[in-house]
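**Student:** Input file: work27.cif. Contents: mmCIF, C-alpha atoms.
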```cif
data_data
loop_
_atom_site.label_atom_id
_atom_site.label_comp_id
_atom_site.auth_asym_id
_atom_site.auth_seq_id
_atom_site.Cartn_x
_atom_site.Cartn_y
_atom_site.Cartn_z
CA PRO A 1 10.92 -19.17 -5.41
CA HIS A 2 11.20 -15.59 -4.24
CA PRO A 3 14.68 -14.11 -4.69
CA ALA A 4 16.94 -14.02 -1.66
CA PRO A 5 18.06 -10.59 -0.51
CA ALA A 6 20.74 -9.43 -2.91
CA ARG A 7 24.29 -9.10 -1.61
CA MET A 8 25.20 -5.47 -2.13
CA PRO A 9 28.64 -3.99 -1.54
CA SER A 10 28.70 -1.66 1.44
CA SER A 11 30.73 1.45 2.04
CA LEU A 12 32.55 2.18 5.30
CA ALA A 13 30.19 5.10 5.85
CA PRO A 14 27.04 3.93 7.66
CA ARG A 15 23.64 4.93 6.38
CA GLU A 16 22.07 7.84 8.21
CA ASP A 17 19.52 5.57 9.93
CA ALA A 18 22.13 2.80 10.57
CA ARG A 19 20.44 0.28 8.26
CA ALA A 20 22.43 -2.24 6.29
CA ASP A 21 22.43 -1.51 2.56
CA ALA A 22 20.06 -4.44 1.87
CA HIS A 23 17.56 -3.50 4.60
CA CYS A 24 14.27 -1.64 4.16
CA ARG A 25 12.73 0.88 6.51
CA ALA A 26 9.96 -0.27 8.83
CA LEU A 27 6.51 -0.36 7.19
CA VAL A 28 3.39 0.44 9.22
CA VAL A 29 -0.10 -0.01 7.72
CA ALA A 30 -3.44 1.26 9.05
CA LEU A 31 -6.76 0.50 7.37
CA ASP A 32 -10.14 2.28 7.15
CA VAL A 33 -8.73 5.75 7.73
CA VAL A 34 -11.32 7.45 5.47
CA PRO A 35 -14.80 6.32 6.60
CA ALA A 36 -16.59 7.60 3.48
CA ALA A 37 -14.39 5.61 1.11
CA ALA A 38 -15.07 2.07 -0.12
CA GLY A 39 -11.58 1.23 1.10
CA SER A 40 -8.71 3.23 2.51
CA ALA A 41 -5.24 2.82 3.96
CA TYR A 42 -2.45 4.84 5.53
CA VAL A 43 1.19 3.78 5.44
CA GLU A 44 4.36 4.93 7.09
CA LEU A 45 7.58 3.87 5.40
CA GLY A 46 10.13 5.15 7.85
CA ASP A 47 9.38 8.88 7.93
CA THR A 48 7.57 8.86 4.58
CA LYS A 49 3.80 8.91 4.99
CA ALA A 50 1.01 8.41 2.46
CA SER A 51 -2.70 7.67 2.44
CA CYS A 52 -5.10 6.31 -0.15
CA ALA A 53 -8.88 6.34 -0.51
CA VAL A 54 -10.72 4.20 -3.08
CA TYR A 55 -14.22 5.05 -4.30
CA GLY A 56 -16.55 3.00 -6.48
CA PRO A 57 -17.12 1.16 -8.64
CA ARG A 58 -19.45 3.95 -9.74
CA ARG A 59 -21.15 4.83 -12.99
CA GLY A 60 -18.50 5.60 -15.55
CA ARG A 61 -18.21 8.29 -18.18
CA ALA A 62 -20.59 8.22 -21.14
CA GLU A 63 -17.91 6.83 -23.46
CA LEU A 64 -17.83 3.67 -21.31
CA ALA A 65 -21.45 2.79 -22.02
CA GLY A 66 -20.65 0.15 -24.62
CA VAL A 67 -17.40 -1.09 -23.09
CA ASP A 68 -17.11 -4.48 -21.37
CA ARG A 69 -14.38 -3.26 -19.01
CA GLY A 70 -14.25 -0.60 -16.37
CA THR A 71 -11.61 2.05 -15.87
CA LEU A 72 -9.15 2.73 -13.10
CA ASP A 73 -8.64 6.44 -12.42
CA VAL A 74 -5.73 7.50 -10.20
CA ASP A 75 -5.11 10.95 -8.78
CA ALA A 76 -2.05 11.79 -6.69
CA TYR A 77 -1.50 14.80 -4.47
CA ARG A 78 1.14 16.19 -2.15
CA ALA A 79 -0.05 17.83 1.03
CA PRO A 80 1.13 21.45 1.38
CA PHE A 81 2.92 20.55 4.61
CA ALA A 82 4.69 17.49 3.13
CA THR A 83 8.40 17.84 3.82
CA GLY A 84 10.39 17.81 0.61
CA ALA A 85 7.37 18.22 -1.63
CA ARG A 86 8.82 18.76 -5.08
CA ALA A 87 5.73 19.67 -7.06
CA LEU A 88 6.03 23.43 -6.52
CA ASP A 89 8.78 25.98 -6.54
CA GLY A 90 9.33 27.99 -3.37
CA ALA A 91 6.94 30.85 -4.13
CA ASN A 92 4.10 28.63 -5.31
CA ARG A 93 4.62 26.25 -2.40
CA ALA A 94 4.28 29.15 0.03
CA ARG A 95 1.05 30.26 -1.65
CA ALA A 96 -0.30 26.71 -1.53
CA ARG A 97 0.46 26.46 2.18
CA GLY A 98 -1.30 29.76 2.72
CA ARG A 99 -4.53 28.52 1.20
CA GLY A 100 -4.18 24.95 2.47
CA ALA A 101 -4.20 23.51 -1.04
CA ARG A 102 -2.99 20.08 -2.08
CA THR A 103 -0.74 19.91 -5.12
CA ALA A 104 -1.51 17.47 -7.92
CA ASP A 105 1.39 15.27 -9.02
CA ASP A 106 0.64 13.81 -12.43
CA GLY A 107 3.92 11.89 -12.63
CA LEU A 108 3.26 10.14 -9.34
CA ALA A 109 -0.33 9.37 -10.41
CA ARG A 110 0.96 7.82 -13.64
CA THR A 111 3.48 5.63 -11.80
CA VAL A 112 0.86 4.38 -9.32
CA LYS A 113 -1.70 3.72 -12.06
CA GLU A 114 0.76 1.77 -14.20
CA ALA A 115 1.77 -0.35 -11.20
CA LEU A 116 -1.83 -1.12 -10.23
CA SER A 117 -3.11 -1.69 -13.76
CA ALA A 118 -1.16 -4.94 -14.02
CA SER A 119 -3.26 -6.36 -11.20
CA VAL A 120 -6.71 -4.72 -11.20
CA LEU A 121 -9.29 -6.82 -13.07
CA THR A 122 -11.21 -4.07 -14.84
CA GLU A 123 -13.43 -6.66 -16.52
CA SER A 124 -14.96 -7.32 -13.09
CA PHE A 125 -16.61 -3.87 -13.05
CA PRO A 126 -17.69 -3.22 -16.70
CA LYS A 127 -18.97 0.21 -17.73
CA THR A 128 -18.03 1.65 -14.35
CA GLN A 129 -14.93 3.19 -12.83
CA VAL A 130 -12.91 2.90 -9.66
CA ASP A 131 -11.29 6.09 -8.37
CA VAL A 132 -8.02 5.88 -6.44
CA CYS A 133 -6.81 8.99 -4.62
CA VAL A 134 -3.34 8.90 -3.04
CA THR A 135 -1.86 11.70 -0.96
CA VAL A 136 1.75 12.13 0.14
CA LEU A 137 1.71 13.48 3.69
CA ASP A 138 5.45 13.46 4.32
CA ALA A 139 8.07 13.10 1.60
CA ARG A 140 11.26 11.55 2.98
CA GLY A 141 12.08 9.28 0.05
CA GLY A 142 10.10 6.46 -1.54
CA GLU A 143 6.86 8.38 -2.08
CA ALA A 144 5.91 6.26 -5.11
CA VAL A 145 6.60 3.10 -3.10
CA ALA A 146 4.46 4.29 -0.18
CA CYS A 147 1.61 5.32 -2.50
CA VAL A 148 1.58 1.96 -4.32
CA LEU A 149 1.52 0.12 -0.99
CA ALA A 150 -1.31 2.30 0.36
CA ALA A 151 -3.29 1.98 -2.86
CA SER A 152 -2.91 -1.80 -3.01
CA ALA A 153 -4.14 -2.16 0.58
CA ALA A 154 -7.03 0.24 -0.05
CA LEU A 155 -8.12 -1.62 -3.19
CA ALA A 156 -8.11 -4.90 -1.28
CA ARG A 157 -10.11 -3.28 1.51
CA ALA A 158 -12.63 -1.98 -1.03
CA GLY A 159 -13.10 -5.47 -2.44
CA VAL A 160 -11.91 -4.54 -5.92
CA ALA A 161 -10.98 -7.70 -7.80
CA CYS A 162 -7.23 -7.95 -8.40
CA ARG A 163 -4.85 -10.64 -9.55
CA ASP A 164 -2.61 -10.03 -6.55
CA LEU A 165 -1.52 -7.38 -4.10
CA VAL A 166 1.00 -5.00 -5.62
CA SER A 167 4.02 -4.03 -3.56
CA ALA A 168 6.91 -1.77 -4.56
CA CYS A 169 10.49 -0.95 -3.62
CA GLU A 170 13.39 1.19 -4.84
CA CYS A 171 17.16 0.84 -4.96
CA ALA A 172 19.62 3.74 -5.20
CA ARG A 173 23.19 3.53 -6.51
CA ALA A 174 25.99 5.76 -5.29
CA GLY A 175 29.21 4.75 -7.05
CA GLU A 176 29.72 1.04 -6.36
CA ARG A 177 27.27 1.05 -3.49
CA MET A 178 23.60 0.08 -3.80
CA MET A 179 21.11 0.97 -1.06
CA LEU A 180 17.65 -0.56 -0.80
CA ASP A 181 14.66 1.64 0.05
CA PRO A 182 16.65 4.90 0.06
CA THR A 183 15.78 8.00 2.05
CA ARG A 184 15.38 11.38 0.40
CA GLU A 185 18.95 12.33 1.31
CA GLU A 186 20.29 9.09 -0.21
CA ILE A 187 18.30 9.68 -3.38
CA GLU A 188 19.65 13.22 -3.70
CA THR A 189 23.27 11.98 -3.57
CA SER A 190 22.73 8.92 -5.80
CA ASP A 191 23.73 8.55 -9.44
CA GLY A 192 21.03 6.02 -10.34
CA MET A 193 17.68 4.66 -9.19
CA VAL A 194 15.60 1.58 -9.91
CA PHE A 195 11.88 1.33 -9.06
CA LEU A 196 10.05 -2.00 -9.05
CA ALA A 197 6.38 -2.80 -8.49
CA GLN A 198 5.69 -6.50 -8.13
CA MET A 199 2.91 -9.03 -7.63
CA SER A 200 4.77 -11.20 -5.15
CA SER A 201 2.44 -14.22 -4.98
CA MET A 202 2.50 -14.46 -8.77
CA GLU A 203 6.27 -13.75 -8.87
CA ALA A 204 5.55 -11.22 -11.62
CA TYR A 205 6.72 -7.67 -12.21
CA ALA A 206 3.99 -5.04 -12.47
CA LYS A 207 6.22 -2.08 -13.40
CA THR A 208 9.91 -1.27 -13.59
CA GLU A 209 11.56 2.09 -14.02
CA THR A 210 15.23 3.09 -14.09
CA PHE A 211 16.90 6.47 -13.73
CA GLY A 212 20.53 7.00 -14.70
CA ARG A 213 22.80 4.70 -16.68
CA TRP A 214 22.87 1.04 -15.66
CA ASN A 215 24.63 -1.94 -17.20
CA ALA A 216 22.90 -5.33 -17.36
CA ASP A 217 24.63 -6.74 -14.26
CA GLU A 218 23.83 -3.67 -12.15
CA THR A 219 20.21 -3.70 -13.29
CA GLU A 220 19.80 -7.37 -12.41
CA ARG A 221 21.32 -6.85 -8.95
CA ALA A 222 19.13 -3.83 -8.28
CA LEU A 223 15.95 -5.60 -9.43
CA ASP A 224 16.76 -8.66 -7.31
CA ALA A 225 17.24 -6.40 -4.29
CA CYS A 226 13.98 -4.57 -5.02
CA ALA A 227 12.13 -7.88 -5.46
CA ALA A 228 13.29 -8.99 -2.01
CA GLY A 229 12.11 -5.66 -0.59
CA CYS A 230 8.74 -6.06 -2.33
CA ASN A 231 8.35 -9.50 -0.74
CA ARG A 232 8.93 -8.04 2.73
CA PHE A 233 6.41 -5.26 2.17
CA ASP A 234 3.90 -7.72 0.68
CA ALA A 235 4.08 -9.78 3.89
CA VAL A 236 3.33 -6.67 5.98
CA LEU A 237 0.34 -5.75 3.80
CA ARG A 238 -1.09 -9.25 4.02
CA GLU A 239 -0.68 -9.38 7.77
CA ALA A 240 -2.49 -6.05 8.17
CA LEU A 241 -5.37 -7.26 6.01
CA ARG A 242 -5.54 -10.62 7.84
CA ALA A 243 -5.48 -8.96 11.24
CA ASN A 244 -8.39 -6.66 10.34
CA PRO A 245 -11.04 -8.73 8.53
CA ARG A 246 -13.88 -6.70 7.11
CA ASP A 247 -17.40 -7.49 8.29
#
```
Starting from the coordinates I provided, produce the structure as structure tokens.
**Tutor:**
Amino acid sequence: PHPAPARMPSSLAPREDARADAHCRALVVALDVVPAAAGSAYVELGDTKASCAVYGPRRGRAELAGVDRGTLDVDAYRAPFATGARALDGANRARARGRGARTADDGLARTVKEALSASVLTESFPKTQVDVCVTVLDARGGEAVACVLAASAALARAGVACRDLVSACECARAGERMMLDPTREEIETSDGMVFLAQMSSMEAYAKTETFGRWNADETERALDACAAGCNRFDAVLREALRANPRD
């Protein structure tokens, strides 16, 4: 069975958006936002916004000619107007805004690819590749979560064979307090973070990542909380896909 929402100790100070510590921000999903793509999705996770376009399968690189699996390529970018974009220092960010350039984020691309790779069945498109392009449009905390959710929905929309939808969630720790799906401000004042990507129907982890020092009990509590958040986001993704069947 899916884990019940973890009981997390709460501080007297309310969260900025008045959520309980174990509550996630509202998730909104829109599909088919990039007409030229095989599949695309846009998500809003509170004030964090991200989009994803999936292209292919298309003919792969020459080195794939004798390979019986395809490849999954993931690129991640931050829009120059994305609030809180961390990929550039102040001077470079100003120059990027001036020329309207997106900023590549290799770390974000790696996180998204590792999360999706647990699910995408590359053997279903041998010798070809699927390209996933995610873009952070507004960075208010949980950008990796929003990008994984958008990418999972876009892959499903594109008809790419996967074991399961992949959802994601984060938990921040500030002293004794743990907060699910933290905002940027909560992340900045935290002393630890846990990221989880999960295939909810299979009850299987796709990727975990921790930042800061955690003992075994804290890690288990944080992962249980993240798993419950993943289940909630998974339900929203599935409802969006069910409500908009593709012809």
**Student:** Enumerate, as a PyMOL selection string, the residues matched when the PyMOL selection byres ((chain A and resi 40) around 7) is run on the file above.
**Tutor:** chain A and resi 31-34+37-39+41+52-54+154+157
**Student:** Need the neighbours of (-0.1, 9.5, 2.7): which residues are at most 12 Å away, counting only C-alpha atoms, as number ranges by chain?
**Tutor:** A: 28-30, 33-34, 40-45, 47-53, 76-79, 81-83, 102, 133-140, 142-151, 154
**Student:** From the list A:Arg59, A:Ala153, A:Gln129, A:Trp214, which residue is nearest Gly175 (chain A) when using only C-alpha atoms?
**Tutor:**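 Going through A:Arg59, A:Ala153, A:Gln129, A:Trp214 one by one, the smallest distance to Gly175 (chain A) is for A:Trp214.
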**Student:** Evaluate the PyMOL selection byres ((chain A and resi 128) around 7) and record the selected residues as a list in words, following the chain and residue labels used in the document.
**Tutor:**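 Written out, the selection comes to Pro57, Arg58, Arg59, Gly60, Gly70, Thr71, Phe125, Pro126, Lys127 and Gln129 of chain A.
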**Student:** Which of these residues is nearest to Gly159 (chain A), using all atoms listed in the file: A:Asp73, A:Asp21, A:Pro245, A:Asn215?
**Tutor:**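 The answer is A:Pro245, which sits nearest to Gly159 (chain A).
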**Student:** As an exercise, work out the distance from CA of Leu237 (chain A) to CA of Met193 (chain A) in Å and give it to one decimal place.
**Tutor:**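 Computed distance, CA of Leu237 (chain A) to CA of Met193 (chain A), equals 24.0 Å.
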**Student:** Please compute the CA of Thr219 (chain A)-CA of Ile187 (chain A) distance, one decimal, in Å.
**Tutor:**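 Interatomic distance, CA of Thr219 (chain A) to CA of Ile187 (chain A): 16.8 Å.
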**Student:** List the neighbours of Gly107 (chain A) out to 10 Å using all atoms listed in the file; skip same-chain residues closer than 2 positions along the sequence, and give me the result as a ChimeraX atom specification.
**Tutor:** /A:75-76,87,104-105,109-113,144
**Student:** Could you tell me which residues the PyMOL selection byres ((chain A and resi 164) around 8) grabs in this file, written as a ChimeraX atom specification?
**Tutor:** /A:119,162-163,165-166,199-202
**Student:** Write the selection just made, keeping C-alpha atoms, as a PDB file, keeping the file's coordinate frame?
**Tutor:**
```pdb
ATOM      1  CA  SER A 119      -3.260  -6.360 -11.200  1.00  0.00           C
ATOM      2  CA  CYS A 162      -7.230  -7.950  -8.400  1.00  0.00           C
ATOM      3  CA  ARG A 163      -4.850 -10.640  -9.550  1.00  0.00           C
ATOM      4  CA  LEU A 165      -1.520  -7.380  -4.100  1.00  0.00           C
ATOM      5  CA  VAL A 166       1.000  -5.000  -5.620  1.00  0.00           C
ATOM      6  CA  MET A 199       2.910  -9.030  -7.630  1.00  0.00           C
ATOM      7  CA  SER A 200       4.770 -11.200  -5.150  1.00  0.00           C
ATOM      8  CA  SER A 201       2.440 -14.220  -4.980  1.00  0.00           C
ATOM      9  CA  MET A 202       2.500 -14.460  -8.770  1.00  0.00           C
TER      10      MET A 202
END
```
**Student:** Distance CA of Ala228 (chain A)-CA of Glu114 (chain A), one decimal place?
**Tutor:**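 These atoms are spaced 20.5 Å apart.
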**Student:** Can you work out which one of A:Ala156, A:Ala22, A:Ala227, A:Ala197 has the shortest atom-to-atom distance to Ala115 (chain A), counting all atoms listed in the file?
**Tutor:**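 Of all the options, A:Ala197 lies closest to Ala115 (chain A).
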**Student:** Copy region 26-50 of chain A out of the block into a file, keeping N, CA, C and O atoms, as a compact mmCIF listing (two decimals), in the first residue's frame.
**Tutor:**
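File produced: part_18.txt:
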```txt
# COMPACT_ATOMS: atom_id res chain seq x y z
N ALA A 26 -0.51 23.40 -4.63
CA ALA A 26 -1.42 22.95 -5.68
C ALA A 26 -0.64 22.70 -6.97
O ALA A 26 0.27 23.46 -7.33
N LEU A 27 -0.99 21.62 -7.65
CA LEU A 27 -0.37 21.27 -8.93
C LEU A 27 -1.39 21.44 -10.05
O LEU A 27 -2.49 20.89 -9.98
N VAL A 28 -1.01 22.20 -11.07
CA VAL A 28 -1.84 22.41 -12.26
C VAL A 28 -1.08 21.87 -13.46
O VAL A 28 0.12 22.14 -13.61
N VAL A 29 -1.75 21.11 -14.32
CA VAL A 29 -1.10 20.49 -15.49
C VAL A 29 -1.88 20.85 -16.75
O VAL A 29 -3.11 20.70 -16.79
N ALA A 30 -1.17 21.33 -17.77
CA ALA A 30 -1.75 21.58 -19.09
C ALA A 30 -0.97 20.77 -20.11
O ALA A 30 0.27 20.66 -20.00
N LEU A 31 -1.66 20.21 -21.08
CA LEU A 31 -1.04 19.35 -22.08
C LEU A 31 -1.05 20.03 -23.45
O LEU A 31 -1.82 20.96 -23.70
N ASP A 32 -0.15 19.53 -24.34
CA ASP A 32 -0.11 19.98 -25.74
C ASP A 32 0.14 21.48 -25.86
O ASP A 32 -0.50 22.18 -26.64
N VAL A 33 1.12 21.95 -25.11
CA VAL A 33 1.43 23.38 -25.13
C VAL A 33 2.44 23.74 -26.21
O VAL A 33 2.63 24.92 -26.51
N VAL A 34 3.10 22.74 -26.80
CA VAL A 34 4.06 22.96 -27.90
C VAL A 34 3.58 22.13 -29.09
O VAL A 34 3.84 20.93 -29.16
N PRO A 35 2.86 22.74 -30.03
CA PRO A 35 2.23 21.97 -31.12
C PRO A 35 3.22 21.15 -31.95
O PRO A 35 2.86 20.07 -32.44
N ALA A 36 4.44 21.62 -32.11
CA ALA A 36 5.39 20.91 -32.97
C ALA A 36 6.00 19.68 -32.29
O ALA A 36 6.64 18.86 -32.96
N ALA A 37 5.83 19.54 -31.01
CA ALA A 37 6.42 18.43 -30.28
C ALA A 37 5.56 17.18 -30.38
O ALA A 37 4.34 17.25 -30.58
N ALA A 38 6.19 16.01 -30.18
CA ALA A 38 5.43 14.76 -30.13
C ALA A 38 4.54 14.72 -28.90
O ALA A 38 3.46 14.13 -28.91
N GLY A 39 4.99 15.36 -27.84
CA GLY A 39 4.21 15.47 -26.61
C GLY A 39 4.76 16.63 -25.80
O GLY A 39 5.96 16.90 -25.83
N SER A 40 3.89 17.32 -25.09
CA SER A 40 4.37 18.46 -24.30
C SER A 40 3.43 18.68 -23.12
O SER A 40 2.27 18.27 -23.12
N ALA A 41 3.98 19.36 -22.12
CA ALA A 41 3.20 19.64 -20.91
C ALA A 41 3.75 20.88 -20.23
O ALA A 41 4.93 21.22 -20.36
N TYR A 42 2.87 21.53 -19.49
CA TYR A 42 3.22 22.71 -18.69
C TYR A 42 2.66 22.46 -17.29
O TYR A 42 1.52 21.99 -17.15
N VAL A 43 3.46 22.74 -16.27
CA VAL A 43 2.98 22.55 -14.91
C VAL A 43 3.22 23.81 -14.09
O VAL A 43 4.20 24.53 -14.29
N GLU A 44 2.32 24.02 -13.17
CA GLU A 44 2.49 25.03 -12.14
C GLU A 44 2.42 24.32 -10.80
O GLU A 44 1.43 23.65 -10.50
N LEU A 45 3.48 24.45 -10.04
CA LEU A 45 3.54 23.89 -8.69
C LEU A 45 3.62 25.09 -7.75
O LEU A 45 4.70 25.63 -7.50
N GLY A 46 2.45 25.53 -7.28
CA GLY A 46 2.41 26.81 -6.60
C GLY A 46 2.83 27.88 -7.58
O GLY A 46 2.28 27.99 -8.68
N ASP A 47 3.85 28.66 -7.23
CA ASP A 47 4.35 29.71 -8.12
C ASP A 47 5.50 29.25 -9.00
O ASP A 47 6.02 30.03 -9.80
N THR A 48 5.94 28.01 -8.85
CA THR A 48 6.98 27.46 -9.70
C THR A 48 6.35 26.96 -10.99
O THR A 48 5.33 26.26 -10.96
N LYS A 49 6.95 27.32 -12.12
CA LYS A 49 6.39 26.96 -13.42
C LYS A 49 7.46 26.33 -14.30
O LYS A 49 8.60 26.78 -14.32
N ALA A 50 7.08 25.27 -15.01
CA ALA A 50 8.01 24.58 -15.90
C ALA A 50 7.24 23.99 -17.07
O ALA A 50 6.06 23.67 -16.96
```
